[in-house]
Structure formats: C-alpha cells, structure tokens
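A.B. asks: Got a structure for you, questions after.
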Amino acid sequence: YLQKRSYGCGANSIYARFKKVINYAIEHDIIVKNPCKGIVIKVDETAIKKDVLTFDEIQLLANTHYEYESDDIRRAFLFCCFSGLRFVDVHALTFGNIDFTTNILKFDQKKTSGHSASSWVTMRLTPTLLALIGDPPKGNVNYNDTPIFNLKTYESCSKALKRWVKRAGIDKSISWHCARHTFGTNLAMQGSSPFIIKDLMGHSSLKYTERYVRAVEEQKANALNNMPTLKL
C-alpha cells in the first residue's frame, strides 16, 4: 500500500516510523503480537530517487520572483541547496550557530542527535551562504534565540516552494529534501571525495554518501551512451 502511494524512499520512511510505534506498544504491553514481523520494504539505499537541481536550475530559481513570495523561504531553500541542510535543521538554525569571526557554521542534526557520532556538522561558510544569511542582528540580542530564517510550518513552506518551482518553469518534482540531494550530487559532480561529502552532510556511513557518486557515474554513462555512432 505504501509503495503504491509514495514517491522515492517515502514508503520506507513511513513504515520505519510505524514500526517504532508498534514496538513501543509491544514494550508497554498494549499489544501482544507484532503485525510487522516478516514484513519488509526493500529499498536500494545507494540510489537517489528524488529529483535534483542543476546549478543552472538553482540560478533560475534565484532569478525567479513572483507576487507575495517569501524572502525567508527563498533564502532558506537556496541555503539548503548550497549546504545540504534538512528542513528541520534550517528551520532551527539561529545566529548562535555561526562564528562570524571565522565564518564557521556548527549545528547538531535533529534527525541523528543523540544516536549518531556524526550528528554534529561543522562547515565553513562560502560567500554565497554568507550572502543568504545576511548581516547578524545588532544591539543587545541573544543570538541563540534569533532564527536566521523565519519559517513557518513545513507544509506552508513546501506549498510556496512548489509555486516557486512552477513559476521558474522547472519541470521536476521538487520537495524541500531535494535540496539536500542537490547539494550532495553537485559536490560529487565537482569531483569531491566521498569522505568530504560524508563529513559535510553529516552521514554516519559512507553507504549514504556513495549514492551521490553513483548518480554522477550514471549521468556520465548516459552522456556517453547518447554520443552518436560513428560509421566506419
């Protein structure tokens, strides 16, 4: 049912959360039998199933404006495309996460905090990322309590993103998480080491990083296959 109604790795993600609820119910004697026993969803974790944006498409988005757009949503999504942050992390990002003397960003990933040795990510901010962040607030302000991007709910931001992508004329199914895959894929396209990509994205294992290398290799293979045949 889930595999028929979801896109990409959605079925596996939803089922994993469902199993956590079932396990909790069993541990607290709410139910006796585990209905998930023997039921698995096989997912190729080395493949990227979501659409990603090229640098040209990211630039096209940056150049596209429309009435009643949200500047915070625009800056936050572009920030994710150039940093690999998830929505939950960019939503929680404050000026306290940044050392402006060294231009270093440090944050604890919400998804893996507390159960992964790689949950903390340290990243040097590029001129593009600094421009998207903007100047820190002045005066007697608590940086730890001041969000960089004033974002509302994930649902409202996702709707705005879809309108933005459509106005830009990009014919792809782009969700917020596509920004993270875009960052990883574009790093691989630039020839970055899988170990560098792993550290920048806060992966706990290289198996999650290798999907971007694989995606690039597939693009190279497709490019070669599309070459015209030489008649000898």
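As shown in the structure tokens, the chain order sets the letters A, B, ...; within each chain, residues go from 1, and ligands are also counted from 1 in the order they appear.
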Give me the residues within 12 Å of Lys37 of chain A as a ChimeraX atom specification, counting only C-alpha atoms and dropping any in the same chain fewer than 2 places off.

C.D. replies: /A:19,22-23,33-35,39-41

A.B. asks: Quick one: residues within 7 Å of segment 76-91 of chain A, only C-alpha atoms counted, chain neighbours fewer than 5 positions away excluded, as a PyMOL selection string?

C.D. replies: chain A and resi 109-110+129+132+149+151+176-177+179-180+182-184+201

A.B. asks: If you count only C-alpha atoms, which residues fall within 10 Å of Asn186 of chain A, apart from same-chain ones fewer than 6 positions away, as a PyMOL selection string?

C.D. replies: chain A and resi 52-55+81-82+192+212-213+216

A.B. asks: Could you work out how far atom CA of Ile98 of chain A lies from atom CA of Ser205 of chain A, giving the answer in Å with one decimal?

C.D. replies: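 The value is 25.9 Å.
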
A.B. asks: Do you have the atom CA of His28 of chain A-atom CA of Gly10 of chain A distance handy?

C.D. replies: 27.7 Å

A.B. asks: Ser158 of chain A: which residues within 9 Å, counting only C-alpha atoms, same-chain residues fewer than 5 positions away excluded, as a list in words?

C.D. replies: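 Those residues are Thr153, Arg163, Ser175 and Trp176 of chain A.
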
A.B. asks: Create the file for the chosen residues now, containing N, CA and C atoms and written as a PDB file, in the first residue's frame.

C.D. replies:
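What ended up in again_34.pdb:
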```pdb
ATOM      1  N   THR A 153       5.430  26.512   9.036  1.00  0.00           N
ATOM      2  CA  THR A 153       5.359  25.052   9.025  1.00  0.00           C
ATOM      3  C   THR A 153       5.995  24.482   7.763  1.00  0.00           C
ATOM      4  N   ARG A 163       5.081  26.423  -5.789  1.00  0.00           N
ATOM      5  CA  ARG A 163       4.678  27.582  -6.611  1.00  0.00           C
ATOM      6  C   ARG A 163       5.903  28.221  -7.250  1.00  0.00           C
ATOM      7  N   SER A 175      10.831  18.647  -3.840  1.00  0.00           N
ATOM      8  CA  SER A 175      10.441  18.817  -2.441  1.00  0.00           C
ATOM      9  C   SER A 175      11.592  19.514  -1.720  1.00  0.00           C
ATOM     10  N   TRP A 176      11.382  19.857  -0.457  1.00  0.00           N
ATOM     11  CA  TRP A 176      12.455  20.547   0.271  1.00  0.00           C
ATOM     12  C   TRP A 176      13.677  19.647   0.422  1.00  0.00           C
TER      13      TRP A 176
END
```

A.B. asks: I'd like the contact shell of Ser204 of chain A - 12 Å cut-off, only C-alpha atoms, skipping same-chain residues fewer than 2 positions apart - returned as a list in words.

C.D. replies: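 Near Ser204 of chain A, the qualifying residues are Gln109, Lys111, Thr112, Ser113, His115, Ser116, Ala117, Ser118, Ser119, Trp120, Val121, Phe195, Ile197, Lys198, Asp199, Leu200, Met201, Gly202, Leu206, Lys207, Tyr208 and Thr209 of chain A.
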
A.B. asks: Just list as a ChimeraX atom specification whatever in segment 15-204 of chain A DSSP marks as strand (DSSP E or B).

C.D. replies: /A:94,98-99,104-108,120-124,147

A.B. asks: Would you pick out the contacts of Gly169 of chain A at 9 Å or less, using only C-alpha atoms, so that residues sharing its chain but fewer than 4 positions from it are not included, and give the list as a PDB file with C-alpha atoms, in the first residue's frame?

C.D. replies:
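Output below, filename part_28.pdb:
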```pdb
ATOM      1  CA  LEU A  60      16.996  30.120 -12.479  1.00  0.00           C
ATOM      2  CA  TRP A 164       8.201  28.954  -6.956  1.00  0.00           C
ATOM      3  CA  VAL A 165       9.467  25.966  -8.952  1.00  0.00           C
TER       4      VAL A 165
END
```

A.B. asks: Between atom CA of Phe95 of chain A and atom CA of Pro147 of chain A, measure the distance and give it in Å to one decimal.

C.D. replies: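 Result for atom CA of Phe95 of chain A versus atom CA of Pro147 of chain A: 6.4 Å, one decimal.
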